[in-house]
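**Student:** Enclosed is the structure file model_27.txt (compact mmCIF, C-alpha atoms and all ligand atoms).
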```
# COMPACT_ATOMS: atom_id res chain seq x y z
CA MET A 1 16.30 -2.58 -7.13
CA PRO A 2 15.07 -0.21 -9.88
CA ALA A 3 16.34 3.36 -9.58
CA GLY A 4 14.47 5.37 -7.00
CA SER A 5 12.25 2.47 -5.99
CA PHE A 6 11.28 1.57 -2.45
CA TRP A 7 9.42 -1.61 -3.30
CA ALA A 8 10.85 -4.02 -5.81
CA SER A 9 10.64 -7.62 -6.93
CA GLY A 10 10.54 -9.86 -9.98
CA SER A 11 7.25 -10.75 -11.58
CA ARG A 12 5.92 -13.58 -13.61
CA VAL A 13 2.37 -14.75 -13.33
CA THR A 14 0.95 -18.26 -13.25
CA HIS A 15 -2.74 -18.99 -13.32
CA SER A 16 -4.45 -21.35 -10.96
CA GLU A 17 -6.72 -24.17 -12.15
CA GLY A 18 -10.13 -23.35 -13.59
CA LYS A 19 -13.11 -23.30 -11.26
CA VAL A 20 -14.96 -26.59 -10.78
CA PRO A 21 -18.65 -26.06 -11.65
CA GLY A 22 -20.83 -26.38 -8.59
CA ALA A 23 -17.87 -26.22 -6.19
CA PRO A 24 -18.12 -23.96 -3.11
CA GLN A 25 -17.92 -20.31 -4.10
CA ASP A 26 -14.39 -19.59 -2.95
CA ALA A 27 -12.83 -16.84 -5.01
CA GLN A 28 -10.49 -18.16 -7.72
CA LEU A 29 -6.92 -17.07 -7.24
CA THR A 30 -4.50 -15.90 -9.91
CA GLU A 31 -1.03 -16.29 -8.49
CA GLN A 32 2.35 -14.83 -9.21
CA ASP A 33 5.32 -17.21 -9.07
CA GLU A 34 6.94 -16.46 -5.73
CA ALA A 35 10.25 -18.03 -6.71
CA VAL A 36 11.09 -15.07 -8.94
CA THR A 37 10.60 -12.59 -6.08
CA ASP A 38 14.07 -12.32 -4.57
CA ASN A 39 13.19 -10.81 -1.22
CA LEU A 40 16.38 -11.95 0.52
CA GLY A 41 18.47 -10.36 -2.22
CA GLU A 42 16.48 -7.17 -1.86
CA ILE A 43 16.92 -7.12 1.93
CA LEU A 44 20.69 -7.74 1.67
CA HIS A 45 20.94 -4.96 -0.88
CA GLY A 46 18.95 -2.59 1.33
CA LEU A 47 21.18 -3.27 4.33
CA SER A 48 24.31 -2.70 2.23
CA ARG A 49 23.40 0.81 1.22
CA SER A 50 23.80 4.03 3.08
CA PRO A 51 21.49 4.85 4.72
CA LYS A 52 20.33 1.29 5.32
CA MET A 53 16.80 0.66 4.04
CA LEU A 54 14.15 -2.03 4.29
CA SER A 55 10.95 -1.93 2.26
CA PRO A 56 7.74 -1.15 4.17
CA LYS A 57 6.21 -4.20 2.48
CA TYR A 58 7.94 -6.26 5.22
CA PHE A 59 5.73 -4.68 7.88
CA TYR A 60 2.77 -6.80 6.89
CA ASP A 61 3.16 -10.28 8.30
CA GLU A 62 0.24 -11.52 10.41
CA ARG A 63 1.23 -9.56 13.49
CA GLY A 64 2.18 -6.50 11.43
CA SER A 65 -1.19 -6.48 9.70
CA ALA A 66 -2.93 -6.71 13.09
CA LEU A 67 -0.75 -3.85 14.42
CA PHE A 68 -1.60 -1.76 11.37
CA GLU A 69 -5.29 -2.32 12.05
CA ALA A 70 -4.70 -1.17 15.63
CA ILE A 71 -2.92 1.94 14.27
CA CYS A 72 -5.99 2.75 12.18
CA ASP A 73 -8.06 2.96 15.38
CA LEU A 74 -5.61 5.22 17.25
CA PRO A 75 -6.87 8.72 18.07
CA GLU A 76 -3.71 10.24 16.58
CA TYR A 77 -3.84 8.32 13.30
CA TYR A 78 -6.35 10.36 11.27
CA PRO A 79 -5.89 8.97 7.69
CA THR A 80 -8.04 5.82 7.83
CA ARG A 81 -11.07 7.32 9.49
CA THR A 82 -10.81 10.50 7.43
CA GLU A 83 -10.68 8.61 4.14
CA LEU A 84 -13.56 6.40 5.27
CA GLY A 85 -15.62 9.51 6.07
CA ILE A 86 -14.91 10.92 2.60
CA MET A 87 -15.93 7.64 0.96
CA ARG A 88 -19.15 7.43 3.00
CA GLY A 89 -20.03 11.04 2.27
CA HIS A 90 -19.41 10.96 -1.48
CA VAL A 91 -19.90 7.40 -2.68
CA ASP A 92 -22.98 8.33 -4.74
CA GLU A 93 -21.02 10.96 -6.66
CA ILE A 94 -18.18 8.47 -7.08
CA ALA A 95 -20.60 5.83 -8.41
CA GLU A 96 -21.97 8.36 -10.87
CA ARG A 97 -18.49 9.19 -12.14
CA VAL A 98 -17.61 5.52 -12.53
CA GLY A 99 -20.81 4.51 -14.35
CA PRO A 100 -22.33 1.00 -14.66
CA HIS A 101 -20.69 -2.40 -15.26
CA ALA A 102 -17.14 -1.42 -14.27
CA SER A 103 -14.48 -3.87 -13.23
CA LEU A 104 -13.01 -2.76 -9.89
CA ILE A 105 -9.28 -3.49 -9.58
CA GLU A 106 -8.03 -2.78 -6.08
CA TYR A 107 -4.34 -2.40 -5.36
CA GLY A 108 -4.34 -4.02 -1.94
CA SER A 109 -6.18 -6.93 -0.34
CA GLY A 110 -9.60 -5.37 -0.05
CA SER A 111 -10.02 -6.12 3.62
CA SER A 112 -11.04 -2.56 4.42
CA LEU A 113 -14.43 -1.00 4.95
CA LYS A 114 -13.75 1.36 2.04
CA THR A 115 -13.89 -1.57 -0.36
CA ARG A 116 -17.25 -2.65 1.00
CA ILE A 117 -18.63 0.85 0.48
CA LEU A 118 -17.65 0.66 -3.21
CA LEU A 119 -18.97 -2.89 -3.62
CA GLU A 120 -22.28 -1.77 -2.13
CA HIS A 121 -22.68 1.39 -4.16
CA LEU A 122 -21.00 1.02 -7.56
CA ASP A 123 -23.61 0.36 -10.24
CA ARG A 124 -23.76 -3.35 -11.26
CA LEU A 125 -20.06 -4.15 -11.02
CA ALA A 126 -18.79 -6.60 -13.64
CA ALA A 127 -16.10 -7.94 -11.29
CA TYR A 128 -13.91 -7.14 -8.31
CA MET A 129 -10.17 -7.95 -8.48
CA PRO A 130 -8.06 -7.35 -5.37
CA VAL A 131 -4.33 -7.47 -6.13
CA ASP A 132 -1.98 -8.12 -3.22
CA ILE A 133 1.43 -9.59 -2.55
CA SER A 134 0.34 -11.32 0.65
CA ARG A 135 -1.45 -14.42 -0.67
CA ASP A 136 -3.04 -15.66 2.56
CA HIS A 137 -4.39 -12.26 3.55
CA LEU A 138 -5.72 -11.80 0.01
CA VAL A 139 -7.52 -15.15 -0.09
CA ALA A 140 -9.08 -14.65 3.34
CA ALA A 141 -10.31 -11.15 2.45
CA ALA A 142 -11.61 -12.30 -0.96
CA ASP A 143 -13.52 -15.23 0.55
CA ALA A 144 -15.14 -12.96 3.13
CA LEU A 145 -16.22 -10.56 0.37
CA ALA A 146 -17.43 -13.43 -1.84
CA ARG A 147 -19.78 -14.51 0.96
CA ASP A 148 -21.15 -11.01 1.49
CA PHE A 149 -21.40 -10.05 -2.21
CA PRO A 150 -22.54 -13.27 -3.93
CA SER A 151 -23.65 -11.47 -7.08
CA ILE A 152 -20.21 -9.92 -7.77
CA GLU A 153 -17.55 -12.06 -9.42
CA ILE A 154 -14.46 -11.86 -7.18
CA LEU A 155 -11.12 -12.59 -8.82
CA PRO A 156 -8.16 -12.13 -6.43
CA VAL A 157 -4.71 -11.73 -7.98
CA ALA A 158 -1.64 -12.59 -5.86
CA ALA A 159 1.01 -10.38 -7.42
CA ASP A 160 3.44 -7.56 -6.84
CA PHE A 161 1.39 -4.74 -8.27
CA THR A 162 4.40 -2.51 -8.88
CA HIS A 163 5.03 -4.50 -12.08
CA PRO A 164 2.53 -5.04 -14.90
CA PHE A 165 0.46 -8.20 -14.35
CA PRO A 166 -2.18 -9.88 -16.54
CA LEU A 167 -5.74 -9.39 -15.29
CA PRO A 168 -8.08 -12.39 -15.14
CA SER A 169 -11.06 -12.19 -17.53
CA PRO A 170 -14.40 -11.64 -15.80
CA ARG A 171 -17.45 -13.55 -17.05
CA ILE A 172 -19.22 -10.25 -17.71
CA PRO A 173 -17.27 -7.98 -20.09
CA PRO A 174 -16.63 -4.77 -18.13
CA GLN A 175 -17.60 -1.35 -19.49
CA ARG A 176 -14.43 0.08 -18.00
CA ASN A 177 -11.67 -0.73 -15.54
CA LEU A 178 -11.56 1.30 -12.34
CA VAL A 179 -8.23 1.03 -10.55
CA TYR A 180 -8.68 1.68 -6.82
CA PHE A 181 -5.69 2.51 -4.62
CA PRO A 182 -6.92 3.57 -1.17
CA GLY A 183 -5.04 4.42 2.00
CA SER A 184 -2.52 6.87 0.53
CA THR A 185 -0.17 3.92 0.08
CA ILE A 186 1.18 5.72 -3.00
CA GLY A 187 2.95 7.88 -0.38
CA ASN A 188 5.25 4.94 0.44
CA PHE A 189 6.91 5.28 -2.95
CA LEU A 190 9.71 7.63 -3.83
CA PRO A 191 8.71 10.10 -6.56
CA THR A 192 10.25 8.05 -9.40
CA ALA A 193 8.67 4.83 -8.15
CA ALA A 194 5.31 6.57 -7.58
CA HIS A 195 5.46 7.75 -11.19
CA GLU A 196 6.24 4.22 -12.40
CA LEU A 197 3.39 2.80 -10.32
CA LEU A 198 0.92 5.33 -11.74
CA CYS A 199 2.15 4.32 -15.22
CA VAL A 200 1.45 0.64 -14.40
CA MET A 201 -2.04 1.63 -13.18
CA HIS A 202 -2.55 3.60 -16.38
CA GLN A 203 -1.70 0.48 -18.35
CA GLU A 204 -3.89 -1.80 -16.19
CA ALA A 205 -6.79 0.66 -16.42
CA GLY A 206 -6.69 0.34 -20.23
CA GLU A 207 -8.80 2.16 -22.81
CA ASN A 208 -11.45 4.32 -21.10
CA GLY A 209 -9.95 3.36 -17.71
CA ALA A 210 -10.23 5.34 -14.48
CA LEU A 211 -8.32 5.66 -11.23
CA LEU A 212 -9.72 6.30 -7.74
CA ILE A 213 -6.90 7.00 -5.30
CA GLY A 214 -6.56 8.12 -1.68
CA ILE A 215 -4.02 10.87 -1.09
CA ASP A 216 -2.86 12.12 2.29
CA LEU A 217 -2.48 15.89 2.12
CA LYS A 218 0.22 18.20 3.47
CA LYS A 219 -0.75 19.69 6.83
CA ASP A 220 0.55 21.06 10.13
CA PRO A 221 3.68 18.98 10.91
CA ALA A 222 2.55 18.64 14.56
CA ILE A 223 -0.47 16.62 13.39
CA LEU A 224 1.72 14.48 11.15
CA ASN A 225 4.34 13.86 13.82
CA ARG A 226 1.66 12.81 16.31
CA ALA A 227 0.08 10.39 13.81
CA TYR A 228 3.35 8.45 13.54
CA ASN A 229 4.38 8.75 17.21
CA ASP A 230 1.24 7.62 19.02
CA SER A 231 1.20 7.75 22.80
CA ALA A 232 0.27 4.05 23.14
CA GLY A 233 3.43 3.04 21.25
CA VAL A 234 1.59 0.94 18.66
CA THR A 235 3.46 2.51 15.73
CA ALA A 236 6.76 1.80 17.50
CA GLU A 237 5.74 -1.87 17.89
CA PHE A 238 4.66 -1.97 14.23
CA ASN A 239 8.05 -0.60 13.17
CA LEU A 240 10.09 -2.96 15.39
CA ASN A 241 7.98 -5.94 14.30
CA MET A 242 9.73 -5.77 10.92
CA LEU A 243 12.94 -6.99 12.58
CA ARG A 244 11.13 -9.94 14.16
CA ARG A 245 9.65 -10.85 10.83
CA ILE A 246 13.00 -10.70 9.06
CA ASN A 247 14.53 -12.86 11.80
CA ARG A 248 11.80 -15.45 11.41
CA GLU A 249 11.48 -15.54 7.64
CA PHE A 250 15.03 -14.82 6.53
CA GLY A 251 17.07 -16.12 9.47
CA ALA A 252 18.52 -12.80 10.61
CA ASP A 253 19.57 -12.25 14.25
CA PHE A 254 18.29 -8.71 14.87
CA ASP A 255 17.80 -7.90 18.55
CA PRO A 256 14.66 -5.73 18.45
CA GLY A 257 15.51 -4.43 21.93
CA ALA A 258 18.69 -2.92 20.51
CA PHE A 259 16.73 -0.63 18.17
CA ARG A 260 14.24 2.17 18.78
CA HIS A 261 11.42 3.67 16.72
CA ARG A 262 11.78 7.17 15.28
CA ALA A 263 9.35 9.02 13.02
CA PHE A 264 9.50 12.66 11.90
CA TRP A 265 8.29 15.05 9.23
CA ASN A 266 10.97 15.80 6.63
CA ASP A 267 9.81 19.10 5.19
CA ALA A 268 12.35 19.34 2.36
CA ASP A 269 11.20 16.02 0.88
CA GLY A 270 7.55 16.37 1.93
CA ARG A 271 7.38 13.11 3.84
CA ILE A 272 7.18 11.34 7.16
CA GLU A 273 10.20 9.11 7.63
CA MET A 274 10.16 6.07 9.88
CA HIS A 275 13.49 4.79 11.10
CA LEU A 276 14.79 2.03 13.34
CA VAL A 277 17.71 3.53 15.22
CA SER A 278 20.48 1.35 16.61
CA ARG A 279 20.85 1.93 20.35
CA LYS A 280 24.49 0.78 20.28
CA GLN A 281 27.32 -0.49 18.15
CA GLN A 282 26.30 -3.94 16.95
CA ILE A 283 26.61 -6.54 14.23
CA VAL A 284 23.60 -8.26 12.66
CA ARG A 285 23.97 -11.53 10.72
CA LEU A 286 21.83 -12.38 7.73
CA GLY A 287 22.28 -14.59 4.66
CA GLY A 288 25.89 -15.45 5.57
CA ARG A 289 26.78 -11.78 5.83
CA GLU A 290 27.46 -9.33 8.66
CA PHE A 291 25.98 -5.84 8.86
CA ARG A 292 27.63 -3.36 11.19
CA PHE A 293 25.69 -0.63 12.96
CA ARG A 294 27.27 2.39 14.61
CA PRO A 295 25.45 3.79 17.66
CA ASP A 296 22.51 5.88 16.29
CA GLU A 297 22.90 4.47 12.82
CA PHE A 298 19.43 3.85 11.40
CA ILE A 299 17.45 1.77 8.93
CA VAL A 300 14.83 3.63 6.91
CA THR A 301 11.71 1.45 7.08
CA GLU A 302 9.16 3.79 5.54
CA TYR A 303 8.61 7.03 3.71
CA SER A 304 5.09 8.36 3.75
CA HIS A 305 4.93 11.22 1.27
CA LYS A 306 2.19 13.82 1.63
CA TYR A 307 1.03 15.86 -1.35
CA SER A 308 -0.77 19.09 -2.10
CA PRO A 309 -3.71 18.57 -4.49
CA ARG A 310 -1.68 20.45 -7.11
CA GLN A 311 1.36 18.19 -6.64
CA PHE A 312 -0.79 15.12 -7.02
CA SER A 313 -2.54 16.32 -10.15
CA ALA A 314 0.84 17.13 -11.75
CA MET A 315 2.01 13.61 -10.88
CA ALA A 316 -1.18 12.08 -12.32
CA GLU A 317 -0.79 14.14 -15.52
CA ARG A 318 2.75 12.89 -16.02
CA ALA A 319 1.46 9.32 -15.90
CA GLY A 320 -1.28 10.02 -18.47
CA PHE A 321 -4.20 10.68 -16.12
CA ARG A 322 -6.35 13.77 -15.67
CA VAL A 323 -7.94 14.51 -12.28
CA VAL A 324 -11.63 15.13 -13.02
CA ASP A 325 -12.99 15.19 -9.48
CA ALA A 326 -11.66 15.17 -5.91
CA TRP A 327 -13.33 14.97 -2.53
CA THR A 328 -11.89 16.00 0.82
CA ASP A 329 -12.83 16.33 4.51
CA ALA A 330 -13.68 19.54 6.36
CA ASN A 331 -10.04 19.91 7.57
CA HIS A 332 -8.56 19.19 4.13
CA TRP A 333 -6.38 16.49 5.67
CA PHE A 334 -7.05 13.76 3.12
CA SER A 335 -8.46 13.55 -0.38
CA VAL A 336 -9.93 10.97 -2.73
CA GLN A 337 -9.10 11.73 -6.34
CA PHE A 338 -10.93 10.46 -9.43
CA CYS A 339 -8.82 10.42 -12.60
CA LEU A 340 -9.49 9.45 -16.19
CA ARG A 341 -6.98 8.42 -18.82
CA ARG A 342 -6.09 11.36 -20.98
C1 LIG B 401 -0.52 2.16 4.98
C2 LIG B 401 1.29 3.31 3.99
C3 LIG B 401 -0.75 4.44 4.32
O1 LIG B 401 2.00 5.66 5.56
O2 LIG B 401 0.46 6.15 6.99
C4 LIG B 401 0.99 3.87 9.41
C5 LIG B 401 1.44 3.01 7.01
N1 LIG B 401 3.03 3.60 8.86
N2 LIG B 401 1.74 4.22 10.44
C6 LIG B 401 1.06 5.35 6.29
C7 LIG B 401 1.80 3.48 8.40
C8 LIG B 401 2.98 4.03 10.12
C9 LIG B 401 0.53 3.91 6.28
N3 LIG B 401 0.17 3.46 4.91
```
Written as structure tokens, how would this file's structure read?

**Tutor:**
Amino acid sequence: MPAGSFWASGSRVTHSEGKVPGAPQDAQLTEQDEAVTDNLGEILHGLSRSPKMLSPKYFYDERGSALFEAICDLPEYYPTRTELGIMRGHVDEIAERVGPHASLIEYGSGSSLKTRILLEHLDRLAAYMPVDISRDHLVAAADALARDFPSIEILPVAADFTHPFPLPSPRIPPQRNLVYFPGSTIGNFLPTAAHELLCVMHQEAGENGALLIGIDLKKDPAILNRAYNDSAGVTAEFNLNMLRRINREFGADFDPGAFRHRAFWNDADGRIEMHLVSRKQQIVRLGGREFRFRPDEFIVTEYSHKYSPRQFSAMAERAGFRVVDAWTDANHWFSVQFCLRR
């Protein structure tokens, strides 16, 4: 795993076959070679360190993605609806900043309503390219968008976006690339990894490129703690689901009942931490190895860093961007930042 990284994997990209003229308008997929992504190795490494760690990317199997969608509707979980409100309220200003004939490159599958707002309002998009590691989710989301936006060329890219990846060439030459990273997912990355990711985005944006990114802001810890400890227990299920997924896909023998969800605001590091805490002394088997847990020993499953606007703009500057506009909600809980390459 690269130093300071929370998400990691290999990357090499293979291109799918060219589109057959006159064939049904399913979005053409560019696919990364999965064989080079050593997830088992990464998981074994994460469970060998202290504290034990598993990447939040393992949350999102089918059930995990459904649980995340349920989280977004929880009364306590403010980020999704707040960001959506900001996008709805300011999309005309955003479109003006972006200008006509841009190519929209989304880091993520593009299944959210925020994407649709951009596709509806950006001025004559050259193309839309969702980039996501989860191939099936990506293809389903891209096909749904292709049906609803027949005039926009949709070019999904199945890749680990933390490493540079070649972009497909749209039929219409774009005036500029706009990298879109909604959801404050940048908060999942440790500072070094967040910096590296912003550098990759800077590279993908290219000459005259721009970045539109959702940032969850620092706020009263009580609000943050509630958002990750909902009363319906959906976040707890989401967290524990990672163990079920690793059992199924990697042959581990985690007993989800022997772990409990914990989430708390870590003020010193400016982040929510999600843990899975062992309820007892136990041994878990995976990949021919044994991992011992002491009672109360935990696995870190997620960091969700929160930033002040000033912290974010310093981070953007270090990666070669300049924040030229930012929009927020009435509570200043979330912000959408528009950056240009310096
Ligand atoms: C999708 C990474 C933005 O950090 O708030 C929600 C994931 N974890 N509840 C977040 C999440 C627990 C979410 N992000």

**Student:** Near Gly257 in chain A, within 10 Å and counting all atoms listed in the file, which residues show up once chain neighbours fewer than 3 positions away are dropped, as a count of residues only?

**Tutor:** 5

**Student:** For Leu40 in chain A, find every residue with an atom within 10 Å (counting only C-alpha atoms), except residues of its own chain fewer than 2 positions away, and show them as a PDB file with C-alpha atoms, keeping the file's coordinate frame.

**Tutor:**
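Just written: result39.pdb:
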```
ATOM      1  CA  THR A  37      10.600 -12.590  -6.080  1.00  0.00           C
ATOM      2  CA  ASP A  38      14.070 -12.320  -4.570  1.00  0.00           C
ATOM      3  CA  GLU A  42      16.480  -7.170  -1.860  1.00  0.00           C
ATOM      4  CA  ILE A  43      16.920  -7.120   1.930  1.00  0.00           C
ATOM      5  CA  LEU A  44      20.690  -7.740   1.670  1.00  0.00           C
ATOM      6  CA  HIS A  45      20.940  -4.960  -0.880  1.00  0.00           C
ATOM      7  CA  GLY A  46      18.950  -2.590   1.330  1.00  0.00           C
ATOM      8  CA  ILE A 246      13.000 -10.700   9.060  1.00  0.00           C
ATOM      9  CA  GLU A 249      11.480 -15.540   7.640  1.00  0.00           C
ATOM     10  CA  PHE A 250      15.030 -14.820   6.530  1.00  0.00           C
ATOM     11  CA  GLY A 251      17.070 -16.120   9.470  1.00  0.00           C
ATOM     12  CA  LEU A 286      21.830 -12.380   7.730  1.00  0.00           C
ATOM     13  CA  GLY A 287      22.280 -14.590   4.660  1.00  0.00           C
TER      14      GLY A 287
END
```

**Student:** Compile the contact shell of range 97-111 of chain A as a list in words: residues with an atom at most 6 Å away, counting only C-alpha atoms, same-chain residues fewer than 6 positions apart removed.

**Tutor:**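 The residues that qualify are Asp123, Arg124, Leu125, Ala126, Ala127, Tyr128, Met129, Pro130, Val131, Asp132, Leu138, Ala141, Pro174, Gln175, Arg176, Asn177, Leu178, Val179, Tyr180 and Phe181 of chain A.
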
**Student:** Quick one: distance from CA of Asn266 in chain A to CA of Asn247 in chain A in Å, one decimal?

**Tutor:** 29.3 Å

**Student:** Taking all atoms listed in the file into account, which residues have an atom no farther than 10 Å from ligand LIG 401 (chain B)? I'd like them as a compact mmCIF listing (two decimals) with C-alpha atoms, in the frame of the given file.

**Tutor:**
```
# COMPACT_ATOMS: atom_id res chain seq x y z
CA PRO A 56 7.74 -1.15 4.17
CA LYS A 57 6.21 -4.20 2.48
CA PHE A 59 5.73 -4.68 7.88
CA TYR A 60 2.77 -6.80 6.89
CA SER A 65 -1.19 -6.48 9.70
CA LEU A 67 -0.75 -3.85 14.42
CA PHE A 68 -1.60 -1.76 11.37
CA GLU A 69 -5.29 -2.32 12.05
CA ALA A 70 -4.70 -1.17 15.63
CA ILE A 71 -2.92 1.94 14.27
CA CYS A 72 -5.99 2.75 12.18
CA TYR A 77 -3.84 8.32 13.30
CA TYR A 78 -6.35 10.36 11.27
CA PRO A 79 -5.89 8.97 7.69
CA THR A 80 -8.04 5.82 7.83
CA PRO A 182 -6.92 3.57 -1.17
CA GLY A 183 -5.04 4.42 2.00
CA SER A 184 -2.52 6.87 0.53
CA THR A 185 -0.17 3.92 0.08
CA ILE A 186 1.18 5.72 -3.00
CA GLY A 187 2.95 7.88 -0.38
CA ASN A 188 5.25 4.94 0.44
CA PHE A 189 6.91 5.28 -2.95
CA GLY A 214 -6.56 8.12 -1.68
CA ILE A 215 -4.02 10.87 -1.09
CA ASP A 216 -2.86 12.12 2.29
CA LEU A 224 1.72 14.48 11.15
CA ALA A 227 0.08 10.39 13.81
CA TYR A 228 3.35 8.45 13.54
CA ASN A 229 4.38 8.75 17.21
CA ASP A 230 1.24 7.62 19.02
CA VAL A 234 1.59 0.94 18.66
CA THR A 235 3.46 2.51 15.73
CA ALA A 236 6.76 1.80 17.50
CA PHE A 238 4.66 -1.97 14.23
CA ASN A 239 8.05 -0.60 13.17
CA ALA A 263 9.35 9.02 13.02
CA ARG A 271 7.38 13.11 3.84
CA ILE A 272 7.18 11.34 7.16
CA GLU A 273 10.20 9.11 7.63
CA MET A 274 10.16 6.07 9.88
CA THR A 301 11.71 1.45 7.08
CA GLU A 302 9.16 3.79 5.54
CA TYR A 303 8.61 7.03 3.71
CA SER A 304 5.09 8.36 3.75
CA HIS A 305 4.93 11.22 1.27
CA LYS A 306 2.19 13.82 1.63
```

**Student:** With a cut-off of 10 Å, could you pull out the residues of range 296-331 of chain A touching range 335-341 of chain A and give me the nearest pair of atoms for each, distance in Å to one decimal, using all atoms listed in the file, ordered by chain and ascending number, as a Markdown table?

**Tutor:**
```
| residue | atom | partner | partner_atom | distance |
| --- | --- | --- | --- | --- |
| A:Tyr307 | CA | A:Ser335 | CA | 9.8 |
| A:Ser308 | CA | A:Ser335 | CA | 9.6 |
| A:Pro309 | CA | A:Ser335 | CA | 8.0 |
| A:Phe312 | CA | A:Gln337 | CA | 9.0 |
| A:Ser313 | CA | A:Gln337 | CA | 8.9 |
| A:Ala316 | CA | A:Cys339 | CA | 7.8 |
| A:Glu317 | CA | A:Arg341 | CA | 9.1 |
| A:Ala319 | CA | A:Arg341 | CA | 9.0 |
| A:Gly320 | CA | A:Arg341 | CA | 5.9 |
| A:Phe321 | CA | A:Arg341 | CA | 4.5 |
| A:Arg322 | CA | A:Cys339 | CA | 5.2 |
| A:Val323 | CA | A:Cys339 | CA | 4.2 |
| A:Val324 | CA | A:Cys339 | CA | 5.5 |
| A:Asp325 | CA | A:Phe338 | CA | 5.2 |
| A:Ala326 | CA | A:Gln337 | CA | 4.3 |
| A:Trp327 | CA | A:Val336 | CA | 5.3 |
| A:Thr328 | CA | A:Ser335 | CA | 4.4 |
| A:Asp329 | CA | A:Ser335 | CA | 7.1 |
```

**Student:** How would the residues just chosen look if you wrote them out with C-alpha atoms as a PDB file, in the frame of the given file?

**Tutor:**
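Heads up, here's the output in part22.pdb:
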```
ATOM      1  CA  TYR A 307       1.030  15.860  -1.350  1.00  0.00           C
ATOM      2  CA  SER A 308      -0.770  19.090  -2.100  1.00  0.00           C
ATOM      3  CA  PRO A 309      -3.710  18.570  -4.490  1.00  0.00           C
ATOM      4  CA  PHE A 312      -0.790  15.120  -7.020  1.00  0.00           C
ATOM      5  CA  SER A 313      -2.540  16.320 -10.150  1.00  0.00           C
ATOM      6  CA  ALA A 316      -1.180  12.080 -12.320  1.00  0.00           C
ATOM      7  CA  GLU A 317      -0.790  14.140 -15.520  1.00  0.00           C
ATOM      8  CA  ALA A 319       1.460   9.320 -15.900  1.00  0.00           C
ATOM      9  CA  GLY A 320      -1.280  10.020 -18.470  1.00  0.00           C
ATOM     10  CA  PHE A 321      -4.200  10.680 -16.120  1.00  0.00           C
ATOM     11  CA  ARG A 322      -6.350  13.770 -15.670  1.00  0.00           C
ATOM     12  CA  VAL A 323      -7.940  14.510 -12.280  1.00  0.00           C
ATOM     13  CA  VAL A 324     -11.630  15.130 -13.020  1.00  0.00           C
ATOM     14  CA  ASP A 325     -12.990  15.190  -9.480  1.00  0.00           C
ATOM     15  CA  ALA A 326     -11.660  15.170  -5.910  1.00  0.00           C
ATOM     16  CA  TRP A 327     -13.330  14.970  -2.530  1.00  0.00           C
ATOM     17  CA  THR A 328     -11.890  16.000   0.820  1.00  0.00           C
ATOM     18  CA  ASP A 329     -12.830  16.330   4.510  1.00  0.00           C
TER      19      ASP A 329
END
```

**Student:** Would you mind telling me which residue in A:Gln32, A:Leu198, A:Glu76, A:Arg310 lies nearest to Lys218 in chain A when using only C-alpha atoms?

**Tutor:**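 Smallest separation from Lys218 in chain A among the options: A:Arg310.
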
**Student:** Check the smallest atom-to-atom distance from each of A:Thr30, A:Asn208, A:Asn39, A:Ser48 to Ile299 in chain A using only C-alpha atoms, then report the winner.

**Tutor:**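 So, comparing all the options, the nearest one is A:Ser48.
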
**Student:** Between CA of Phe334 in chain A and CA of Thr82 in chain A, measure the distance and give it in Å to one decimal.

**Tutor:**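 The value is 6.6 Å.
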
**Student:** Find the residues around range 165-171 of chain A up to 8 Å (all atoms listed in the file counted), leave out those fewer than 2 positions away in its own chain, and share them as a PDB file with C-alpha atoms, in the coordinates of the input.

**Tutor:**
```pdb
ATOM      1  CA  SER A  11       7.250 -10.750 -11.580  1.00  0.00           C
ATOM      2  CA  ARG A  12       5.920 -13.580 -13.610  1.00  0.00           C
ATOM      3  CA  VAL A  13       2.370 -14.750 -13.330  1.00  0.00           C
ATOM      4  CA  THR A  30      -4.500 -15.900  -9.910  1.00  0.00           C
ATOM      5  CA  ALA A 126     -18.790  -6.600 -13.640  1.00  0.00           C
ATOM      6  CA  ALA A 127     -16.100  -7.940 -11.290  1.00  0.00           C
ATOM      7  CA  GLU A 153     -17.550 -12.060  -9.420  1.00  0.00           C
ATOM      8  CA  LEU A 155     -11.120 -12.590  -8.820  1.00  0.00           C
ATOM      9  CA  VAL A 157      -4.710 -11.730  -7.980  1.00  0.00           C
ATOM     10  CA  ALA A 159       1.010 -10.380  -7.420  1.00  0.00           C
ATOM     11  CA  PHE A 161       1.390  -4.740  -8.270  1.00  0.00           C
ATOM     12  CA  HIS A 163       5.030  -4.500 -12.080  1.00  0.00           C
ATOM     13  CA  PRO A 173     -17.270  -7.980 -20.090  1.00  0.00           C
ATOM     14  CA  PRO A 174     -16.630  -4.770 -18.130  1.00  0.00           C
ATOM     15  CA  GLU A 204      -3.890  -1.800 -16.190  1.00  0.00           C
TER      16      GLU A 204
END
```

**Student:** Using all atoms listed in the file, pick whichever of A:His261, A:Arg294, A:Asp92, A:Ala210 has the shortest atom-to-atom distance to Met242 in chain A.

**Tutor:** A:His261

**Student:** So how far away is CA of Val284 in chain A from CA of Met53 in chain A, in Å?

**Tutor:** 14.1 Å

**Student:** With distances taken over all atoms listed in the file, which of A:Leu74, A:Glu62, A:Ser55, A:Phe259 is nearest to Ser231 in chain A?

**Tutor:**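 The shortest atom-to-atom distance to Ser231 in chain A comes from A:Leu74.
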
**Student:** Using all atoms listed in the file, which of A:His275, A:Lys219, A:Arg135, A:Arg116 sits nearest Ile152 in chain A?

**Tutor:**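 Looking only at the distances to Ile152 in chain A, the closest residue turns out to be A:Arg116.
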